[in-house]
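The structure appears right after this line, and notes come after that.
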Amino acid sequence: MSDSTLSHQPQNPGVSPDLGEQHDVTELHAALLREKPEPKEGFEPLNLWLVALTGGLLFWGGYYLANFSGRFEASEYSEFPRGKATVAAPAETPEQKTLRIGAQLYVNCAACHLADGTGNPALNIPPLAGSDWVVAEGANRIIRIVLHGLNGPVKVNGQVWQGNAMNPWRKTAENPSGLTDEETAAVLSYVRNSWGNKASFVTTDEVKAVSEATKDRSDAWTEAELLQVPLKGGADAPAPAALDLAGLKGQLEKLSADDRKKLLETLQAK
Ligand code: HEC
């Protein structure tokens, strides 16, 4: 083996590396200059444009979510949202609204007359369900009962109740937790149309008129006094509708001959 084979010289006979003068140094170094050092992790300075771009994107993303996320509800943009009624509930009628408010106010009465209006015999509290006072043709008397209260014996559906009294509900300076005219109308409308009761609604104007006509009163009513009050109409109520002569004739014809005679006699006596 020759020396040249043993040494780690390029197999380039006649050229010795020591004779580098033959090579262009600049050319040799160019390779070194071309190669960049291996990148390594560390605290490299960040590109400021990248920082600005990332910040801008984050800001835009937040803005977009805040405005268009639909409160993060999956069904927000669904045409037929799950778990929600697809048909809008029909709007509440004025009557339904009155009954709803009346029902809420009835908790005041339920303390005594009970939630189902059956009254409380153990405490001498008469029923409202089916009561002839409650479903009477007009509300003149029951408006007075609620405004000022009721005391003494009272006959409800033929049964006499006594030993307990009902408190006044009219809202006054002394009774600030009472009911306004509007609330009295609502609660009486509810009472007149619950638990099988069926009677006309009580209007705020009706209550106002009675309230005005009895504003100086502070005592509770007695049954005898209330029976003097016409069920409907009266000076403080709107004028009654014109007489329906044909209807009246029909009703008179239904009377027995005896009753008709008696009626005519009383009318002639006046
Ligand atoms: C503190 C208990 C009490 C409360 C509260 C009360 N009542 Fe009464 N109510 C009575 C009593 C007792 C009578 C019977 C009074 C009597 O015997 O003279 C009565 C009688 C009545 C009557 C006439 C009799 C009948 O049974 O139909 C009506 C109508 C009535 N109450 C409605 C109401 C309404 C409406 C409310 C709520 C705004 C109400 N009451 C709240 C105790 C109460």
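Letters A, B, ... go to the chains of the structure tokens in the order shown; residues in each chain start at 1; ligands are counted from 1 in the same order.
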Could the residues that lie within 7 Å of ligand 1, counting only C-alpha atoms and all ligand atoms, be listed as a PDB file with N, CA and C atoms, in the first residue's frame?
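Listed below is the output, selection35.pdb:
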```
ATOM      1  N   TYR A 106    -106.757  36.993  43.614  1.00  0.00           N
ATOM      2  CA  TYR A 106    -107.636  36.158  44.434  1.00  0.00           C
ATOM      3  C   TYR A 106    -106.901  35.524  45.622  1.00  0.00           C
ATOM      4  N   ASN A 108    -105.625  36.952  47.898  1.00  0.00           N
ATOM      5  CA  ASN A 108    -106.093  37.726  49.051  1.00  0.00           C
ATOM      6  C   ASN A 108    -107.359  37.115  49.634  1.00  0.00           C
ATOM      7  N   CYS A 109    -108.237  36.658  48.778  1.00  0.00           N
ATOM      8  CA  CYS A 109    -109.531  36.133  49.209  1.00  0.00           C
ATOM      9  C   CYS A 109    -109.394  34.664  49.620  1.00  0.00           C
ATOM     10  N   ALA A 110    -108.442  33.967  48.951  1.00  0.00           N
ATOM     11  CA  ALA A 110    -108.305  32.529  49.170  1.00  0.00           C
ATOM     12  C   ALA A 110    -107.928  32.220  50.614  1.00  0.00           C
ATOM     13  N   ALA A 111    -107.307  33.194  51.291  1.00  0.00           N
ATOM     14  CA  ALA A 111    -106.953  32.995  52.695  1.00  0.00           C
ATOM     15  C   ALA A 111    -108.191  32.592  53.491  1.00  0.00           C
ATOM     16  N   CYS A 112    -109.334  33.144  53.143  1.00  0.00           N
ATOM     17  CA  CYS A 112    -110.574  32.812  53.857  1.00  0.00           C
ATOM     18  C   CYS A 112    -111.487  31.902  53.028  1.00  0.00           C
ATOM     19  N   HIS A 113    -111.740  32.295  51.779  1.00  0.00           N
ATOM     20  CA  HIS A 113    -112.718  31.558  50.971  1.00  0.00           C
ATOM     21  C   HIS A 113    -112.121  30.318  50.306  1.00  0.00           C
ATOM     22  N   ASN A 124    -116.922  29.651  59.651  1.00  0.00           N
ATOM     23  CA  ASN A 124    -118.107  30.418  59.245  1.00  0.00           C
ATOM     24  C   ASN A 124    -117.839  31.313  58.037  1.00  0.00           C
ATOM     25  N   ILE A 125    -117.078  30.800  57.107  1.00  0.00           N
ATOM     26  CA  ILE A 125    -116.822  31.583  55.886  1.00  0.00           C
ATOM     27  C   ILE A 125    -117.585  30.952  54.726  1.00  0.00           C
ATOM     28  N   PRO A 126    -118.515  31.713  54.151  1.00  0.00           N
ATOM     29  CA  PRO A 126    -119.389  31.142  53.119  1.00  0.00           C
ATOM     30  C   PRO A 126    -118.645  30.909  51.800  1.00  0.00           C
ATOM     31  N   PRO A 127    -119.177  30.053  50.953  1.00  0.00           N
ATOM     32  CA  PRO A 127    -118.531  29.753  49.670  1.00  0.00           C
ATOM     33  C   PRO A 127    -118.772  30.861  48.642  1.00  0.00           C
ATOM     34  N   LEU A 128    -117.864  30.949  47.683  1.00  0.00           N
ATOM     35  CA  LEU A 128    -118.060  31.844  46.537  1.00  0.00           C
ATOM     36  C   LEU A 128    -118.458  31.028  45.309  1.00  0.00           C
ATOM     37  N   SER A 131    -122.232  30.588  44.701  1.00  0.00           N
ATOM     38  CA  SER A 131    -122.986  31.496  45.576  1.00  0.00           C
ATOM     39  C   SER A 131    -123.962  32.362  44.770  1.00  0.00           C
ATOM     40  N   ASP A 132    -125.210  32.469  45.288  1.00  0.00           N
ATOM     41  CA  ASP A 132    -126.191  33.294  44.565  1.00  0.00           C
ATOM     42  C   ASP A 132    -125.821  34.783  44.616  1.00  0.00           C
ATOM     43  N   TRP A 133    -125.037  35.191  45.605  1.00  0.00           N
ATOM     44  CA  TRP A 133    -124.560  36.572  45.647  1.00  0.00           C
ATOM     45  C   TRP A 133    -123.575  36.819  44.512  1.00  0.00           C
ATOM     46  N   VAL A 134    -122.673  35.862  44.353  1.00  0.00           N
ATOM     47  CA  VAL A 134    -121.589  36.040  43.374  1.00  0.00           C
ATOM     48  C   VAL A 134    -122.111  36.036  41.947  1.00  0.00           C
ATOM     49  N   ILE A 142    -121.993  42.763  45.381  1.00  0.00           N
ATOM     50  CA  ILE A 142    -120.688  42.177  45.729  1.00  0.00           C
ATOM     51  C   ILE A 142    -119.561  43.199  45.601  1.00  0.00           C
ATOM     52  N   ILE A 145    -119.559  44.633  48.936  1.00  0.00           N
ATOM     53  CA  ILE A 145    -118.980  43.709  49.927  1.00  0.00           C
ATOM     54  C   ILE A 145    -117.461  43.792  49.907  1.00  0.00           C
ATOM     55  N   VAL A 146    -116.893  43.812  48.693  1.00  0.00           N
ATOM     56  CA  VAL A 146    -115.429  43.845  48.616  1.00  0.00           C
ATOM     57  C   VAL A 146    -114.901  45.217  49.053  1.00  0.00           C
ATOM     58  N   LEU A 150    -118.316  42.888  55.045  1.00  0.00           N
ATOM     59  CA  LEU A 150    -119.676  42.407  55.340  1.00  0.00           C
ATOM     60  C   LEU A 150    -119.700  41.881  56.767  1.00  0.00           C
ATOM     61  N   ASN A 151    -120.785  42.172  57.440  1.00  0.00           N
ATOM     62  CA  ASN A 151    -120.877  41.766  58.845  1.00  0.00           C
ATOM     63  C   ASN A 151    -122.302  41.288  59.132  1.00  0.00           C
ATOM     64  N   GLY A 152    -122.447  40.493  60.153  1.00  0.00           N
ATOM     65  CA  GLY A 152    -123.775  40.010  60.537  1.00  0.00           C
ATOM     66  C   GLY A 152    -124.161  38.802  59.715  1.00  0.00           C
ATOM     67  N   PRO A 153    -125.344  38.247  60.004  1.00  0.00           N
ATOM     68  CA  PRO A 153    -125.758  37.043  59.293  1.00  0.00           C
ATOM     69  C   PRO A 153    -125.992  37.317  57.811  1.00  0.00           C
ATOM     70  N   VAL A 154    -125.662  36.345  56.985  1.00  0.00           N
ATOM     71  CA  VAL A 154    -125.908  36.481  55.545  1.00  0.00           C
ATOM     72  C   VAL A 154    -126.351  35.120  55.011  1.00  0.00           C
ATOM     73  N   VAL A 156    -126.608  32.557  52.142  1.00  0.00           N
ATOM     74  CA  VAL A 156    -125.997  32.197  50.858  1.00  0.00           C
ATOM     75  C   VAL A 156    -126.619  30.880  50.405  1.00  0.00           C
ATOM     76  N   TRP A 161    -125.188  32.198  57.240  1.00  0.00           N
ATOM     77  CA  TRP A 161    -123.821  32.190  57.762  1.00  0.00           C
ATOM     78  C   TRP A 161    -123.688  33.366  58.721  1.00  0.00           C
ATOM     79  N   GLN A 162    -123.142  33.115  59.876  1.00  0.00           N
ATOM     80  CA  GLN A 162    -122.872  34.229  60.787  1.00  0.00           C
ATOM     81  C   GLN A 162    -121.759  33.842  61.746  1.00  0.00           C
ATOM     82  N   GLY A 163    -121.311  34.830  62.498  1.00  0.00           N
ATOM     83  CA  GLY A 163    -120.244  34.558  63.461  1.00  0.00           C
ATOM     84  C   GLY A 163    -118.885  34.980  62.957  1.00  0.00           C
ATOM     85  N   ASN A 164    -118.816  35.390  61.707  1.00  0.00           N
ATOM     86  CA  ASN A 164    -117.540  35.876  61.183  1.00  0.00           C
ATOM     87  C   ASN A 164    -117.824  37.104  60.327  1.00  0.00           C
ATOM     88  N   ALA A 165    -116.831  37.903  60.076  1.00  0.00           N
ATOM     89  CA  ALA A 165    -117.027  39.109  59.275  1.00  0.00           C
ATOM     90  C   ALA A 165    -115.963  39.178  58.194  1.00  0.00           C
ATOM     91  N   MET A 166    -116.319  39.875  57.115  1.00  0.00           N
ATOM     92  CA  MET A 166    -115.327  40.067  56.052  1.00  0.00           C
ATOM     93  C   MET A 166    -114.768  41.480  56.138  1.00  0.00           C
ATOM     94  N   ASN A 167    -113.456  41.578  55.942  1.00  0.00           N
ATOM     95  CA  ASN A 167    -112.765  42.869  56.056  1.00  0.00           C
ATOM     96  C   ASN A 167    -112.933  43.709  54.787  1.00  0.00           C
ATOM     97  N   TRP A 169    -111.835  45.962  51.540  1.00  0.00           N
ATOM     98  CA  TRP A 169    -110.689  45.852  50.639  1.00  0.00           C
ATOM     99  C   TRP A 169    -110.394  47.124  49.880  1.00  0.00           C
ATOM    100  N   THR A 184    -110.278  45.435  42.012  1.00  0.00           N
ATOM    101  CA  THR A 184    -111.543  44.878  42.508  1.00  0.00           C
ATOM    102  C   THR A 184    -112.362  44.324  41.336  1.00  0.00           C
ATOM    103  N   VAL A 187    -110.688  40.985  40.222  1.00  0.00           N
ATOM    104  CA  VAL A 187    -110.864  39.843  41.123  1.00  0.00           C
ATOM    105  C   VAL A 187    -112.329  39.388  41.121  1.00  0.00           C
ATOM    106  N   LEU A 188    -113.268  40.340  41.018  1.00  0.00           N
ATOM    107  CA  LEU A 188    -114.681  39.934  40.974  1.00  0.00           C
ATOM    108  C   LEU A 188    -115.021  39.268  39.644  1.00  0.00           C
ATOM    109  N   VAL A 191    -113.843  35.792  40.157  1.00  0.00           N
ATOM    110  CA  VAL A 191    -114.712  35.032  41.064  1.00  0.00           C
ATOM    111  C   VAL A 191    -116.029  34.679  40.357  1.00  0.00           C
ATOM    112  N   THR A 222    -124.353  45.313  55.987  1.00  0.00           N
ATOM    113  CA  THR A 222    -125.128  44.199  56.525  1.00  0.00           C
ATOM    114  C   THR A 222    -125.964  43.662  55.375  1.00  0.00           C
TER     115      THR A 222
END
```
Among the residues of range 92-240 of chain A, find those DSSP assigns to strand (DSSP E) from the backbone and print them as a PyMOL selection string. chain A and resi 150-151+154-156+159-161+221-222
Excluding same-chain residues fewer than 2 positions from range 194-202 of chain A, what lies within 7 Å of it counting only C-alpha atoms, as a PyMOL selection string? chain A and resi 116+129-130+135+139+185+188-192+204+206
May I ask for the distance between CA of Val107 in chain A and CA of Gly233 in chain A, given in Å to one decimal place? 29.1 Å
Report, in Å with one decimal, the straight-line distance from CA of Asn67 in chain A to CA of Ala52 in chain A. 22.6 Å
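The shortest atom-to-atom distance to Ser211 in chain A, with only C-alpha atoms taken into account, belongs to A:His148 out of A:Glu253, A:Glu137, A:His148, A:Leu248.
Interatomic distance, CA of Ala209 in chain A to CA of Glu174 in chain A: 20.9 Å.
Nearest-residue note for Glu95 in chain A: choosing from A:Asn193, A:Lys262, A:Ser78, A:Gly178, the minimum distance belongs to A:Asn193, counting only C-alpha atoms.
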